[in-house]
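What follows is a set of notes on a single structure, which appears directly below.
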There are 2 protein chains.
Amino acid sequence: MNRADIFSIIRNELDEVEELFNKNIQSSALLISELTGYIASSGGKRFRPALVLLSSRLCGYMGKRAITMGCVVEFIHTATLLHDDVIDNASLRRGKSSANILWGNVASVLVGDFLLAKASNLLIQDGDLEILKIVGKATESLAEGEVLELMKLKSIDASEIDYLTVIKGKTASLIQASCEIGAILGGVKKEWKEALSVYGYNIGIAFQIADDTLDYIADEDELGKRVGTDFMEGKVTLPLIHALSKVDSVERHRIASYLKKGSEGDGLTYILEILKKYHSIDYCIGLASCFSNKAKEAISIFPPSAEREAMMGIADFVVKRRS
Amino acid sequence: MNRADIFSIIRNELDEVEELFNKNIQSSALLISELTGYIASSGGKRFRPALVLLSSRLCGYMGKRAITMGCVVEFIHTATLLHDDVIDNASLRRGKSSANILWGNVASVLVGDFLLAKASNLLIQDGDLEILKIVGKATESLAEGEVLELMKLKSIDASEIDYLTVIKGKTASLIQASCEIGAILGGVKKEWKEALSVYGYNIGIAFQIADDTLDYIADEDELGKRVGTDFMEGKVTLPLIHALSKVDSVERHRIASYLKKGSEGDGLTYILEILKKYHSIDYCIGLASCFSNKAKEAISIFPPSAEREAMMGIADFVVKRRS
């Protein structure tokens with residue numbers, strides 16, 4: 001199942017989400033027109049809205065509130081991307097920033113805040129306290145995950161548990177919430193809601209592990225792809241954490257020194273060798289598959305349907321994608 | 001009435017707000033301990049919680065929800081201050097930023113987001129959709145006000161209407177919401193609620209005009225106070241807008257050139273002369289008093305009480321304060 005197949009059954013609804021997204025941005029377009037370019041360029045794959053829509057339909061809900069909720073989770077996700085820009089600029093360009101980057105930061109912060117406020121207001125207008133609670137918790141976890149990432153994953157001492165705690169907050173929480181919203185809209189029994197929650201959590205973890213692993217994999221079909229940006233930014237993610245648990249003290253020392261230099265050093269070639277030597281990429285793909293399988297297992301309690309198949313397909317796709 | 005007198009009748013409640021504030025920060029203190037210094041240093045006068053508490057009591061509500069709401073508005077206000085840091089850094093240090101400022105930006109963004117999420121969750125836990133709506137709208141207005149400020153108040157063509165539109169969003173909206181929350185908690189009749197809304201709006205406008213005017217006033221008792229920081233950042237606020245509406249074309253040209261240079265020029269002395277020549281400071285204080293009087297008039301429909309007197313005192317204080 002490729003991406004087009006997975007999304008085909010909700011293509012119209014995804015278009016409606018897109019429309020609502022643009023409408024809510026444009027309501028203040030005159031004011032923020034100079035800043036909206038940021039959103040467009042950060043625009044994602046609408047992965048979270050797709051999960052809201054599929055979960056809702058899996059639970060028998062076909063109404064318009066799923067469109068609103070799809071827009072809400074995409075607003076929150078986009079706001080996170082915008083605020084992440086500030087963080088990434090900081091780590092990437094230590095001491096070498098230009099005015100342009102700083103003004104970019106301003107735009108990122110303001111438009112991010114605006115989107116978060118919009119998301120809140122869409123939810124409040126909808127008026128469902130259970131959904132408000134779920135999204136509120138997810139947003140708090142997101143912010144905590146970002147803080148944790150900054151604190152823990154800049155260090156050579158980062159552990160696999162640190163890593164999983166970070167991505168649970170910064171990635172899995174909103175994806176999990178997206179699936180839970182579907183269950184609430186459908187008003188399904190507790191077991192089904194729990195199943196979707198487990199699905200969302202595991203998909204989220206698998207997605208982020210795959211993402212961080214892809215960062216180290218060069219795609220031969222896609223010349224010019226930059227490999228190792230996380231490492232260059234001094235970010236210690238799972239592939240490196242795995243390798244670091246295997247290396248000897250000489251290797252560790254050398255990695256530490258390269259990590260310190262970041263993009264100014266020429267350590268990437270060495271790091272890629274180390275990842276190969278210790279089969280760290282394989283380990284990560286294996287772990288991502290394990291989470292992906294748990295996700296599939298969780299929703300196997302639903303009766304067969306096109307929606308269930310699409311969600312199974314997403315679980316596979318998340319691990320197997322190459323970009 | 002000085003500040004201590006105004007706040008004396010709600011001293012205990014303000015302490016409780018402070019406690020709740022610190023408790024909610026500390027729940028994740030281990031994670032964000034390195035970043036909390038920012039909050040402490042940005043810590044304000046608890047002006048907004050005081051308005052929540054006084055409005056609530058004025059409307060006969062003495063329960064604990066006012067403490068929660070006081071904490072919510074202070075979280076939102078603090079988050080705004082933190083995100084403002086990023087914006088001010090950008091305008092202050094065009095092209096000359098250090099890594100430290102960028103890392104400061106990261107802290108500002110993340111802790112601001114965390115506080116906004118906390119505020120949402122306190123509100124959602126409280127579960128009052130009417131209050132959620134009011135605070136949601138205020139937060140959106142805040143974000144829009146910030147965007148507008150960036151767009152409009154960096155230009156010599158900024159008008160008084162532009163200025164009032166900006167401060168309505170970035171300052172008055174949350175202060176107005178603080179007062180409206182009190183009315184909702186007290187469950188009072190429509191006229192009283194409306195009166196508190198009008199009070200909050202006008203206090204908010206008066207507060208910001210006074211703030212921007214104070215920026216140009218040297219306090220002789222307080223040596224070393226920096227005057228004209230807004231001008232130095234290229235921010236065109238009401239005193240300058242007033243003067244610009246009076247100047248001849250030679251003066252306008254000279255102001256424009258100084259404004260362009262910002263902190264690198266030596267234009268401040270000239271600007272202060274111009275403000276004096278056209279009585280712009282007097283004009284601003286007059287306008288602030290006018291809004292302050294409207295605020296007092298609005299709450300005059302309440303029966304006399306210590307709370308009403310304190311709120312009248314705040315209206316005077318906002319305009320007469322010198323720091």
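In the structure tokens, the first chain shown is A, the next is B, and so on; residue numbers restart at 1 for each chain, and ligands run from 1 in the order shown.
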message: Residues within 10 Å of A:Tyr163, please, as a list in words. Count only C-alpha atoms; anything in the same chain fewer than 6 positions from it doesn't count.
response: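 Returned residues: Gly145, Leu148, Glu149, Lys152, Leu153, Ile209, Val236, Thr237, Leu238 and Ile241 of chain A.
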With a distance cut-off of 8 Å and only C-alpha atoms, select the neighbouring residues of B:Arg65, excluding the residue or stretch itself and same-chain residues fewer than 2 positions from it, and output the selection as a tab-separated table (two decimals) with all heavy atoms, in the first residue's frame.
```
chain	number	residue	atom	x	y	z
B	63	GLY	N	-14.80	32.30	46.27
B	63	GLY	CA	-14.27	30.94	46.23
B	63	GLY	C	-12.88	30.82	45.61
B	63	GLY	O	-12.25	31.82	45.24
B	67	ILE	N	-8.58	32.04	42.38
B	67	ILE	CA	-7.13	31.82	42.51
B	67	ILE	C	-6.60	31.16	41.23
B	67	ILE	O	-5.60	31.58	40.65
B	67	ILE	CB	-6.81	30.91	43.73
B	67	ILE	CG1	-7.50	31.41	45.02
B	67	ILE	CG2	-5.31	30.75	43.91
B	67	ILE	CD1	-7.02	32.74	45.51
B	68	THR	N	-7.32	30.10	40.83
B	68	THR	CA	-6.94	29.41	39.58
B	68	THR	C	-6.91	30.39	38.41
B	68	THR	O	-5.95	30.41	37.62
B	68	THR	CB	-7.97	28.31	39.24
B	68	THR	OG1	-8.13	27.48	40.39
B	68	THR	CG2	-7.52	27.47	38.07
B	69	MET	N	-7.95	31.19	38.31
B	69	MET	CA	-8.05	32.12	37.17
B	69	MET	C	-6.95	33.19	37.23
B	69	MET	O	-6.43	33.60	36.19
B	69	MET	CB	-9.43	32.79	37.15
B	69	MET	CG	-10.58	31.84	36.90
B	69	MET	SD	-10.33	30.91	35.36
B	69	MET	CE	-11.30	29.43	35.70
B	126	ASP	N	-10.91	23.31	35.09
B	126	ASP	CA	-11.99	24.07	35.70
B	126	ASP	C	-13.30	23.81	34.96
B	126	ASP	O	-14.36	23.72	35.57
B	126	ASP	CB	-11.63	25.57	35.70
B	126	ASP	CG	-12.73	26.41	36.29
B	126	ASP	OD1	-12.87	26.40	37.53
B	126	ASP	OD2	-13.48	27.06	35.53
B	185	LEU	N	-17.56	34.46	37.36
B	185	LEU	CA	-17.48	33.71	38.62
B	185	LEU	C	-18.58	34.16	39.58
B	185	LEU	O	-19.18	33.36	40.30
B	185	LEU	CB	-16.10	33.87	39.27
B	185	LEU	CG	-14.93	33.19	38.56
B	185	LEU	CD1	-13.62	33.45	39.29
B	185	LEU	CD2	-15.16	31.69	38.44
```
Residue neighbourhood A:Lys154, 7 Å, only C-alpha atoms, exclusion window fewer than 2 positions, as an NGL selection string: :A and (150-152 or 156 or 234-236)
Residue subset to file, keeping all heavy atoms, as a CSV table (one decimal), in the first residue's frame:
```
chain,number,residue,atom,x,y,z
A,150,LEU,N,15.9,19.4,24.6
A,150,LEU,CA,16.9,20.4,24.7
A,150,LEU,C,17.9,20.0,25.9
A,150,LEU,O,19.1,20.2,25.8
A,150,LEU,CB,16.3,21.7,25.0
A,150,LEU,CG,17.1,23.0,24.8
A,150,LEU,CD1,17.5,23.2,23.3
A,150,LEU,CD2,16.3,24.2,25.3
A,151,MET,N,17.3,19.5,26.9
A,151,MET,CA,18.1,19.2,28.1
A,151,MET,C,18.9,17.9,28.0
A,151,MET,O,20.0,17.8,28.4
A,151,MET,CB,17.2,19.0,29.3
A,151,MET,CG,16.3,20.2,29.7
A,151,MET,SD,17.3,21.5,30.5
A,151,MET,CE,17.2,22.8,29.2
A,152,LYS,N,18.3,16.9,27.4
A,152,LYS,CA,18.8,15.5,27.4
A,152,LYS,C,19.5,15.1,26.1
A,152,LYS,O,20.5,14.4,26.2
A,152,LYS,CB,17.7,14.5,27.7
A,152,LYS,CG,17.0,14.7,29.0
A,152,LYS,CD,17.7,14.1,30.1
A,152,LYS,CE,16.9,14.1,31.4
A,152,LYS,NZ,17.6,13.5,32.6
A,156,ILE,N,26.2,13.4,25.0
A,156,ILE,CA,26.7,12.0,24.7
A,156,ILE,C,26.2,11.0,25.7
A,156,ILE,O,26.2,9.8,25.4
A,156,ILE,CB,28.2,12.1,24.6
A,156,ILE,CG1,28.7,10.8,23.8
A,156,ILE,CG2,28.9,12.2,25.9
A,156,ILE,CD1,30.2,10.9,23.4
A,234,GLY,N,24.2,18.7,16.7
A,234,GLY,CA,24.6,18.2,18.1
A,234,GLY,C,23.5,17.5,18.8
A,234,GLY,O,23.5,17.3,20.0
A,235,LYS,N,22.5,17.0,18.0
A,235,LYS,CA,21.4,16.2,18.5
A,235,LYS,C,21.7,14.8,18.5
A,235,LYS,O,22.1,14.2,17.5
A,235,LYS,CB,20.2,16.5,17.6
A,235,LYS,CG,18.9,16.9,18.3
A,235,LYS,CD,17.7,16.9,17.3
A,235,LYS,CE,17.4,18.4,17.0
A,235,LYS,NZ,16.2,18.4,16.0
A,236,VAL,N,21.6,14.2,19.7
A,236,VAL,CA,21.9,12.7,19.9
A,236,VAL,C,20.6,12.0,19.8
A,236,VAL,O,19.8,12.0,20.7
A,236,VAL,CB,22.6,12.5,21.2
A,236,VAL,CG1,23.0,11.0,21.3
A,236,VAL,CG2,23.9,13.3,21.2
```
Spatial neighbours of stretch 194-202 of chain B, 7 Å, only C-alpha atoms, chain gap at least 5 places, as a PyMOL selection string: chain B and resi 172-173+175-176+179-180+291-292+294-296+298-299
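Our summary of the geometry notes that atom CA of A:Val72 is positioned 21.4 Å from atom CA of A:Ser8.
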message: as a list in words, please: the residues near stretch 108-114 of chain A (cut-off 7 Å, only C-alpha atoms, same-chain neighbours under 5 positions excluded).
response: Leu35, Ala79, Thr80, Leu82, His83, Asp85 and Val86 of chain A; His83, Glu140, Ala143, Glu144 and Val147 of chain B
Kindly save the residues from that selection, with N, CA and C atoms included, as a tab-separated table (two decimals), in the first residue's frame.
```tsv
chain	number	residue	atom	x	y	z
A	35	LEU	N	3.92	36.95	6.92
A	35	LEU	CA	4.48	35.85	7.71
A	35	LEU	C	4.00	34.48	7.27
A	79	ALA	N	2.33	24.89	14.39
A	79	ALA	CA	2.88	25.81	15.40
A	79	ALA	C	4.17	25.24	15.99
A	80	THR	N	4.16	23.93	16.24
A	80	THR	CA	5.36	23.29	16.78
A	80	THR	C	6.52	23.40	15.80
A	82	LEU	N	6.98	25.67	13.58
A	82	LEU	CA	7.43	27.06	13.55
A	82	LEU	C	8.31	27.38	14.77
A	83	HIS	N	7.87	26.93	15.93
A	83	HIS	CA	8.67	27.19	17.13
A	83	HIS	C	9.97	26.39	17.12
A	85	ASP	N	11.71	25.93	14.53
A	85	ASP	CA	12.63	26.69	13.69
A	85	ASP	C	13.57	27.53	14.54
A	86	VAL	N	12.99	28.18	15.55
A	86	VAL	CA	13.79	29.03	16.43
A	86	VAL	C	14.86	28.19	17.11
B	83	HIS	N	7.81	35.41	24.98
B	83	HIS	CA	7.85	35.44	23.51
B	83	HIS	C	8.24	36.83	23.00
B	140	GLU	N	-6.07	34.91	21.31
B	140	GLU	CA	-5.98	35.15	19.87
B	140	GLU	C	-5.75	36.65	19.58
B	143	ALA	N	-2.11	37.51	20.22
B	143	ALA	CA	-1.21	37.12	19.13
B	143	ALA	C	-1.38	38.05	17.93
B	144	GLU	N	-2.62	38.37	17.62
B	144	GLU	CA	-2.86	39.29	16.50
B	144	GLU	C	-2.28	40.67	16.77
B	147	VAL	N	1.40	40.64	16.10
B	147	VAL	CA	1.68	40.66	14.67
B	147	VAL	C	1.49	42.07	14.11
```
- request: Identify, with DSSP run on backbone atoms, the residues in stretch 131-304 of chain A assigned to alpha helix (DSSP H), and express the list as a VMD selection string.
  value: chain A and resid 131 to 152 160 to 167 173 to 186 190 to 214 229 to 232 238 to 244 249 to 261 268 to 277 280 to 299
